[in-house]
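What's in protein.csv: CSV, C-alpha atoms
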```csv
chain,number,residue,atom,x,y,z
A,20,MET,CA,0.0,0.0,0.0
A,21,SER,CA,2.7,2.4,1.0
A,22,HIS,CA,4.7,1.5,-2.1
A,23,GLY,CA,1.8,2.3,-4.2
A,24,ILE,CA,1.4,5.7,-2.6
A,25,SER,CA,5.0,6.7,-3.1
A,26,SER,CA,5.1,5.6,-6.7
A,27,ASN,CA,1.9,7.6,-7.4
A,28,LEU,CA,3.5,10.7,-5.7
A,29,GLY,CA,6.7,10.3,-7.6
A,30,MET,CA,4.8,10.5,-10.8
A,31,ASP,CA,3.2,13.7,-9.7
A,32,LEU,CA,6.4,15.4,-8.7
A,33,ALA,CA,8.3,14.2,-11.7
A,34,GLY,CA,6.1,15.6,-14.3
A,35,LYS,CA,5.1,19.2,-13.7
A,36,GLY,CA,3.5,19.5,-17.0
A,37,LYS,CA,1.5,16.5,-16.4
A,38,ALA,CA,0.3,17.9,-13.1
A,39,ALA,CA,-0.9,21.0,-14.8
A,40,MET,CA,-2.8,19.0,-17.4
A,41,SER,CA,-4.3,16.6,-14.8
A,42,PRO,CA,-5.1,18.0,-11.4
A,43,ILE,CA,-4.1,16.1,-8.3
A,44,LYS,CA,-6.9,13.9,-7.1
A,45,PRO,CA,-8.0,14.3,-3.5
A,46,GLN,CA,-6.8,10.8,-2.7
A,47,ALA,CA,-3.3,11.8,-3.9
A,48,ASP,CA,-3.5,14.9,-1.5
A,49,GLN,CA,-4.2,12.7,1.4
A,50,LYS,CA,-1.5,10.3,0.4
A,51,ALA,CA,1.0,13.2,0.1
A,52,ALA,CA,0.0,14.5,3.5
A,53,VAL,CA,0.8,11.1,4.9
A,54,GLU,CA,4.3,11.3,3.3
A,55,GLY,CA,4.9,14.7,4.9
A,56,LYS,CA,4.5,16.7,1.7
A,57,VAL,CA,1.6,19.1,1.7
A,58,VAL,CA,0.0,19.5,-1.7
A,59,THR,CA,-3.0,21.8,-1.7
A,60,LYS,CA,-5.1,23.2,-4.4
A,61,GLU,CA,-6.8,26.6,-4.2
A,62,ALA,CA,-10.3,26.2,-5.5
A,63,ALA,CA,-10.7,29.9,-6.6
A,64,ASN,CA,-7.8,30.3,-9.0
A,65,GLY,CA,-6.6,26.7,-9.5
A,66,ASN,CA,-3.1,27.3,-8.2
A,67,GLU,CA,-1.4,24.3,-6.8
A,68,TRP,CA,1.0,24.5,-3.8
A,69,GLU,CA,3.7,22.0,-3.0
A,70,ASN,CA,5.1,22.6,0.5
A,71,ASP,CA,5.9,26.3,0.3
A,72,ARG,CA,6.4,26.5,-3.4
A,73,LEU,CA,3.7,27.4,-5.9
A,74,LYS,CA,3.5,25.1,-8.8
A,75,THR,CA,3.8,27.3,-11.8
A,76,ASN,CA,1.3,26.5,-14.4
A,77,ASP,CA,0.9,28.2,-17.7
A,78,VAL,CA,-0.6,31.5,-16.8
A,79,GLY,CA,-2.3,31.9,-20.2
A,80,ASP,CA,-4.3,28.8,-19.6
A,81,THR,CA,-5.3,29.5,-16.0
A,82,ALA,CA,-5.7,33.4,-15.8
A,83,VAL,CA,-9.3,34.3,-15.0
A,84,LEU,CA,-10.7,37.8,-15.1
A,85,SER,CA,-12.9,38.6,-12.1
A,86,SER,CA,-14.7,41.7,-10.9
A,87,ALA,CA,-16.5,42.5,-7.7
A,88,VAL,CA,-19.7,44.6,-7.6
A,89,ASP,CA,-20.9,46.2,-4.5
A,90,VAL,CA,-24.7,46.0,-4.4
A,91,PRO,CA,-26.1,48.3,-1.8
A,92,SER,CA,-28.6,46.5,0.5
A,93,ALA,CA,-31.0,49.4,0.6
A,94,VAL,CA,-31.9,51.3,-2.6
A,95,GLY,CA,-31.7,55.1,-2.0
A,96,PRO,CA,-33.3,57.9,-3.9
A,97,PRO,CA,-32.3,58.4,-7.5
A,98,ALA,CA,-29.4,60.7,-8.3
A,99,SER,CA,-30.6,64.3,-9.0
A,100,HIS,CA,-30.6,65.5,-12.6
A,101,SER,CA,-29.0,68.7,-13.8
A,102,ILE,CA,-28.9,70.9,-16.8
A,103,PHE,CA,-25.4,72.1,-17.6
A,104,GLY,CA,-24.4,71.8,-14.0
A,105,VAL,CA,-27.6,73.5,-12.7
A,106,PRO,CA,-29.3,71.0,-10.5
A,107,LEU,CA,-32.9,70.2,-11.1
A,108,THR,CA,-34.7,70.0,-7.8
A,109,LYS,CA,-38.3,69.4,-7.0
A,110,ASN,CA,-38.3,72.7,-5.1
A,111,LEU,CA,-39.6,75.4,-7.5
A,112,GLU,CA,-38.0,78.2,-5.5
A,113,GLY,CA,-34.7,76.6,-5.8
A,114,MET,CA,-35.2,76.2,-9.6
A,115,ILE,CA,-36.1,79.9,-9.9
A,116,ALA,CA,-33.0,80.8,-7.9
A,117,ALA,CA,-30.9,78.6,-10.2
A,118,TYR,CA,-32.5,80.2,-13.2
A,119,LYS,CA,-31.7,83.7,-11.9
A,120,THR,CA,-28.1,82.8,-11.4
A,121,ALA,CA,-27.8,81.3,-14.9
A,122,LEU,CA,-29.5,84.3,-16.4
A,123,ARG,CA,-27.2,86.7,-14.6
A,124,GLY,CA,-24.2,84.7,-15.8
A,125,SER,CA,-25.5,84.7,-19.3
A,126,ARG,CA,-25.0,88.5,-19.5
A,127,SER,CA,-21.4,88.3,-18.2
A,128,HIS,CA,-18.5,90.1,-19.8
A,129,ASN,CA,-16.8,86.8,-20.2
A,130,ASP,CA,-17.7,85.6,-23.7
A,131,PHE,CA,-16.8,82.0,-23.7
A,132,TYR,CA,-17.6,80.4,-20.4
A,133,GLU,CA,-20.3,82.6,-18.8
A,134,ARG,CA,-22.1,84.0,-21.7
A,135,PHE,CA,-22.1,80.8,-23.9
A,136,MET,CA,-22.4,78.1,-21.2
A,137,ARG,CA,-24.7,80.0,-18.9
A,138,GLY,CA,-26.8,81.2,-21.8
A,139,MET,CA,-27.4,77.7,-22.8
A,140,ALA,CA,-28.2,76.7,-19.2
A,141,ALA,CA,-30.6,79.7,-18.9
A,142,ASN,CA,-32.5,78.7,-22.0
A,143,ALA,CA,-32.7,75.1,-20.9
A,144,MET,CA,-33.9,76.3,-17.5
A,145,VAL,CA,-36.7,78.2,-19.2
A,146,CYS,CA,-37.9,75.0,-20.7
A,147,ALA,CA,-37.6,73.2,-17.3
A,148,LEU,CA,-39.5,76.0,-15.6
A,149,SER,CA,-42.3,75.8,-18.2
A,150,LEU,CA,-42.5,72.1,-17.6
A,151,PHE,CA,-42.8,72.8,-13.9
A,152,GLY,CA,-45.8,74.9,-14.7
A,153,VAL,CA,-44.4,78.4,-14.5
A,154,SER,CA,-46.1,80.7,-17.1
A,155,SER,CA,-44.2,82.8,-19.6
A,156,LYS,CA,-45.5,85.9,-17.9
A,157,GLU,CA,-44.0,84.8,-14.6
A,158,ILE,CA,-40.7,84.0,-16.4
A,159,SER,CA,-40.6,87.4,-18.0
A,160,SER,CA,-41.3,89.1,-14.7
A,161,ILE,CA,-38.4,87.0,-13.2
A,162,GLN,CA,-36.2,88.2,-16.0
A,163,ALA,CA,-37.2,91.8,-15.5
A,164,GLY,CA,-36.4,91.5,-11.7
A,165,VAL,CA,-33.0,90.0,-12.4
A,166,ARG,CA,-32.3,92.8,-15.0
A,167,GLU,CA,-33.2,95.4,-12.4
A,168,GLU,CA,-31.0,93.9,-9.7
A,169,ALA,CA,-28.1,93.4,-12.1
A,170,LEU,CA,-28.3,97.0,-13.3
A,171,GLU,CA,-28.4,98.3,-9.8
A,172,GLN,CA,-25.4,96.2,-8.9
A,173,ILE,CA,-23.5,97.5,-12.0
A,174,GLU,CA,-24.4,101.1,-11.1
A,175,GLY,CA,-23.0,100.5,-7.6
A,176,ASN,CA,-19.9,98.9,-9.0
A,177,VAL,CA,-19.3,101.8,-11.4
A,178,VAL,CA,-19.7,104.3,-8.5
A,179,ARG,CA,-17.2,102.3,-6.4
A,180,TRP,CA,-14.9,102.2,-9.4
A,181,ALA,CA,-15.1,106.0,-9.8
A,182,HIS,CA,-14.4,106.4,-6.0
A,183,ASP,CA,-11.4,104.1,-6.2
A,184,LYS,CA,-10.0,105.9,-9.2
A,185,MET,CA,-10.3,109.3,-7.6
A,186,MET,CA,-8.8,108.0,-4.4
A,187,MET,CA,-5.9,106.7,-6.4
A,188,GLU,CA,-5.5,110.0,-8.1
A,189,ILE,CA,-5.6,112.0,-4.9
A,190,VAL,CA,-3.9,109.8,-2.3
A,191,GLY,CA,-1.9,107.8,-4.9
B,18,MET,CA,3.9,104.4,-5.0
B,19,SER,CA,6.1,104.1,-8.1
B,20,LYS,CA,5.1,105.3,-11.5
B,21,LYS,CA,5.1,101.8,-12.8
B,22,SER,CA,2.8,100.3,-10.2
B,23,LYS,CA,0.5,103.3,-10.6
B,24,LYS,CA,0.3,102.7,-14.3
B,25,ALA,CA,-0.5,99.0,-13.6
B,26,GLN,CA,-3.3,99.9,-11.2
B,27,LEU,CA,-4.7,102.4,-13.7
B,28,LYS,CA,-4.7,99.7,-16.3
B,29,ILE,CA,-6.6,97.3,-14.0
B,30,LEU,CA,-9.1,100.0,-13.2
B,31,ASN,CA,-9.7,100.7,-16.9
B,32,GLU,CA,-10.2,97.0,-17.5
B,33,ILE,CA,-12.8,96.8,-14.7
B,34,ARG,CA,-14.6,99.9,-16.2
B,35,ASP,CA,-14.6,98.2,-19.6
B,36,GLN,CA,-16.1,95.0,-18.1
B,37,LEU,CA,-18.8,96.9,-16.3
B,38,ILE,CA,-19.7,98.9,-19.4
B,39,ARG,CA,-19.9,95.6,-21.4
B,40,GLN,CA,-22.1,94.1,-18.8
B,41,ALA,CA,-24.5,97.1,-18.8
B,42,GLU,CA,-24.6,96.9,-22.6
B,43,ARG,CA,-25.6,93.2,-22.4
B,44,TRP,CA,-28.4,94.1,-20.1
B,45,GLY,CA,-29.7,96.5,-22.7
B,46,LYS,CA,-28.2,99.8,-21.4
B,47,ASP,CA,-26.4,100.7,-24.6
B,48,GLY,CA,-24.5,104.0,-24.4
B,49,HIS,CA,-25.6,104.6,-20.8
B,50,TYR,CA,-22.0,104.9,-19.5
B,51,THR,CA,-20.6,107.5,-21.8
B,52,PRO,CA,-17.2,109.2,-21.2
B,53,LEU,CA,-19.1,112.3,-20.1
B,54,LYS,CA,-21.2,110.3,-17.6
B,55,LEU,CA,-18.1,108.5,-16.2
B,56,GLU,CA,-16.2,111.8,-15.9
B,57,GLU,CA,-19.2,113.3,-14.0
B,58,MET,CA,-19.2,110.3,-11.7
B,59,GLU,CA,-15.5,110.7,-11.0
B,60,LEU,CA,-16.0,114.4,-10.4
B,61,GLU,CA,-18.8,113.7,-7.9
B,62,GLN,CA,-16.7,111.2,-6.1
B,63,GLY,CA,-13.7,113.5,-6.1
B,64,ARG,CA,-15.8,116.2,-4.4
B,65,LYS,CA,-17.1,113.7,-1.9
B,66,ILE,CA,-13.5,112.6,-1.0
B,67,ARG,CA,-12.5,116.3,-0.7
B,68,SER,CA,-15.4,117.0,1.7
B,69,ASP,CA,-14.4,113.8,3.7
B,70,LEU,CA,-10.8,115.1,3.9
B,71,LEU,CA,-12.0,118.5,5.1
B,72,THR,CA,-14.2,116.9,7.8
B,73,GLU,CA,-11.3,114.8,8.9
B,74,LYS,CA,-9.1,117.9,9.1
B,75,SER,CA,-11.7,119.8,11.2
B,76,ASN,CA,-12.0,116.8,13.5
B,77,LEU,CA,-8.3,116.7,14.0
B,78,GLU,CA,-8.2,120.5,14.7
B,79,TYR,CA,-11.0,120.1,17.2
B,80,GLU,CA,-9.2,117.2,18.8
B,81,MET,CA,-6.0,119.2,19.1
B,82,SER,CA,-7.5,122.3,20.5
B,83,MET,CA,-10.1,120.7,22.9
B,84,LEU,CA,-8.8,117.4,24.0
B,85,GLY,CA,-5.1,118.2,24.2
B,86,THR,CA,-3.7,115.2,22.5
B,87,ASP,CA,-0.2,114.9,21.1
B,88,LYS,CA,0.1,118.1,19.2
B,89,LYS,CA,3.1,117.1,17.1
B,90,GLU,CA,1.4,114.0,15.8
B,91,VAL,CA,-1.9,115.8,15.0
B,92,LEU,CA,0.0,118.6,13.3
B,93,ILE,CA,1.7,116.1,11.0
B,94,LYS,CA,-1.6,114.5,10.2
B,95,ILE,CA,-3.2,117.9,9.4
B,96,GLU,CA,-0.2,118.8,7.2
B,97,ARG,CA,-0.7,115.6,5.3
B,98,LEU,CA,-4.4,116.2,5.0
B,99,ASP,CA,-3.7,119.7,3.7
B,100,SER,CA,-1.5,118.3,0.9
B,101,TYR,CA,-4.3,115.8,0.1
B,102,ILE,CA,-6.9,118.5,0.0
B,103,LYS,CA,-4.7,120.6,-2.4
B,104,LYS,CA,-4.2,117.6,-4.6
B,105,ALA,CA,-8.0,116.9,-4.5
B,106,ASP,CA,-8.6,120.5,-5.6
B,107,ARG,CA,-6.2,120.1,-8.5
B,108,VAL,CA,-7.8,116.7,-9.6
B,109,ILE,CA,-11.3,118.2,-9.4
B,110,LEU,CA,-10.2,121.1,-11.5
B,111,ALA,CA,-8.7,118.8,-14.1
B,112,HIS,CA,-11.9,116.8,-14.3
B,113,GLU,CA,-14.0,119.9,-14.6
B,114,LYS,CA,-11.8,121.0,-17.5
B,115,LYS,CA,-12.1,117.6,-19.1
B,116,ILE,CA,-15.9,117.7,-18.8
B,117,ALA,CA,-16.0,121.1,-20.4
B,118,LYS,CA,-13.8,119.8,-23.2
B,119,ILE,CA,-16.1,116.8,-23.8
B,120,ILE,CA,-19.2,119.1,-23.8
B,121,GLU,CA,-17.4,121.4,-26.3
B,122,LYS,CA,-16.7,118.5,-28.5
B,123,ILE,CA,-20.4,117.4,-28.4
B,124,ILE,CA,-21.8,120.9,-29.0
B,125,GLY,CA,-19.2,122.0,-31.5
B,126,ASP,CA,-18.3,125.7,-32.2
B,127,ARG,CA,-20.1,127.7,-29.5
B,128,SER,CA,-20.0,131.0,-31.3
B,129,ALA,CA,-21.6,129.5,-34.4
B,130,ILE,CA,-24.3,128.0,-32.2
B,131,LYS,CA,-24.9,131.3,-30.5
B,132,LYS,CA,-25.2,133.0,-33.9
B,133,ALA,CA,-27.7,130.4,-35.1
B,134,GLU,CA,-29.6,130.7,-31.8
B,135,ASN,CA,-29.9,134.4,-32.2
B,136,THR,CA,-31.1,134.0,-35.8
B,137,VAL,CA,-33.8,131.6,-34.7
B,138,ARG,CA,-34.9,133.8,-31.8
B,139,THR,CA,-34.9,137.1,-33.7
B,140,LYS,CA,-38.4,138.6,-33.8
B,141,HIS,CA,-39.1,140.1,-37.2
B,142,LEU,CA,-40.9,143.4,-36.7
B,143,ILE,CA,-43.2,144.6,-39.5
B,144,SER,CA,-43.7,148.3,-39.5
B,145,VAL,CA,-46.8,149.6,-41.2
B,146,MET,CA,-47.1,153.2,-42.2
B,147,ILE,CA,-50.6,154.5,-42.2
B,148,ASP,CA,-51.3,157.6,-44.1
B,149,SER,CA,-53.9,159.6,-42.5
```
Re-express the file's structure as structure tokens.
Amino acid sequence: MSHGISSNLGMDLAGKGKAAMSPIKPQADQKAAVEGKVVTKEAANGNEWENDRLKTNDVGDTAVLSSAVDVPSAVGPPASHSIFGVPLTKNLEGMIAAYKTALRGSRSHNDFYERFMRGMAANAMVCALSLFGVSSKEISSIQAGVREEALEQIEGNVVRWAHDKMMMEIVG
Amino acid sequence: MSKKSKKAQLKILNEIRDQLIRQAERWGKDGHYTPLKLEEMELEQGRKIRSDLLTEKSNLEYEMSMLGTDKKEVLIKIERLDSYIKKADRVILAHEKKIAKIIEKIIGDRSAIKKAENTVRTKHLISVMIDS
């Protein structure tokens, strides 16, 4: 019996190629354990260990691509949608505030980013607001309010500019 | 302040002015901030600064005479304020001249306008001789 075991093991150790082709049978593992040589096989990737050394098989034959996906246990609320970076919320007041910001940006002195990008966002927000049930009259009144505010701010900035310039001229 | 840094600051201020004018134009206020209007605003602010400097000077004088604080320090401050007030006067005068120049440019030749105005306003009298 013991002679049979050793001869079987000898065959396994002698031919590495053969071992790769034909995996060690569980009986053979038990027999190897009896002999003092630990031969284990990892179930996940198919690598075979002999004592502390890993039996090198042909990687091309054994490589397996695997990926892990985390699936949340509880499904949360859906991600919020946005138009050109302007978040679309269920809150109408928030939408109007976002529209005001976009509209103000659309009249900026900066041609590329503000005027073009914000202009597109403002136009898209008009569509979104109309979908929310805001009438065109209300939208035009919002636009008029924003215009008034912006012009007031510009006026204030021009006055501050004049003050700064004169201070520079006088005090230097 | 060196001349170079002053020039750089002025450049930045001009850039800010241009941006503000452009913004106003995009909100539909085309031609609102004309050179004349900007000059007037500057003049107004200059006068305001001058009046602030005068108030500060009178406060310091009051402080010096009534409260008896460190006279030397206050006198130095007053002297500095005086120089600023003089400079403010000069700057205001320069802006007034500039405004007059701009108005002249808009109106054109004043004597010719006065002549035309007189011609328009002249009342033609018709004398009628009645033979009795």
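You will find CA of Gln26 (chain B) at 20.6 Å from CA of Arg107 (chain B).
Rounded to one decimal, CA of Val165 (chain A) and CA of Gly124 (chain A) lie 10.8 Å from each other.
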Residues of chain A within 10 Å of chain B, counting only C-alpha atoms, as a ChimeraX atom specification: /A:123,125-129,134,165-167,169-174,176-191
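In this model, the gap between CA of Ser68 (chain B) and CA of Val91 (chain B) comes to 19.0 Å.
Near Phe151 (chain A), within 12 Å and counting all atoms listed in the file, sit Leu107, Thr108, Lys109, Asn110, Leu111, Glu112, Met114, Ile115, Met144, Val145, Cys146, Ala147, Leu148, Ser149, Val153, Ser154, Ser155 and Ile158 of chain A; same-chain residues fewer than 2 positions away were not included.
Nearest residue to Ile95 (chain B), choosing from B:Ser82, B:Leu110, B:Ser75, B:Asn135 and counting only C-alpha atoms: B:Ser75.
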Could I get region 179-191 of chain A from the block written as an mmCIF file, in the first residue's frame, with C-alpha atoms?
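Output below, filename selection-v8.cif:
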```
data_model
loop_
_atom_site.group_PDB
_atom_site.id
_atom_site.type_symbol
_atom_site.label_atom_id
_atom_site.label_comp_id
_atom_site.auth_asym_id
_atom_site.auth_seq_id
_atom_site.Cartn_x
_atom_site.Cartn_y
_atom_site.Cartn_z
ATOM 1 C CA ARG A 179 -17.183 102.276 -6.436
ATOM 2 C CA TRP A 180 -14.881 102.215 -9.443
ATOM 3 C CA ALA A 181 -15.063 106.016 -9.752
ATOM 4 C CA HIS A 182 -14.368 106.386 -6.022
ATOM 5 C CA ASP A 183 -11.367 104.060 -6.230
ATOM 6 C CA LYS A 184 -9.986 105.891 -9.228
ATOM 7 C CA MET A 185 -10.302 109.272 -7.567
ATOM 8 C CA MET A 186 -8.754 107.956 -4.372
ATOM 9 C CA MET A 187 -5.863 106.658 -6.411
ATOM 10 C CA GLU A 188 -5.466 110.004 -8.139
ATOM 11 C CA ILE A 189 -5.643 111.986 -4.897
ATOM 12 C CA VAL A 190 -3.913 109.810 -2.335
ATOM 13 C CA GLY A 191 -1.890 107.843 -4.857
#
```
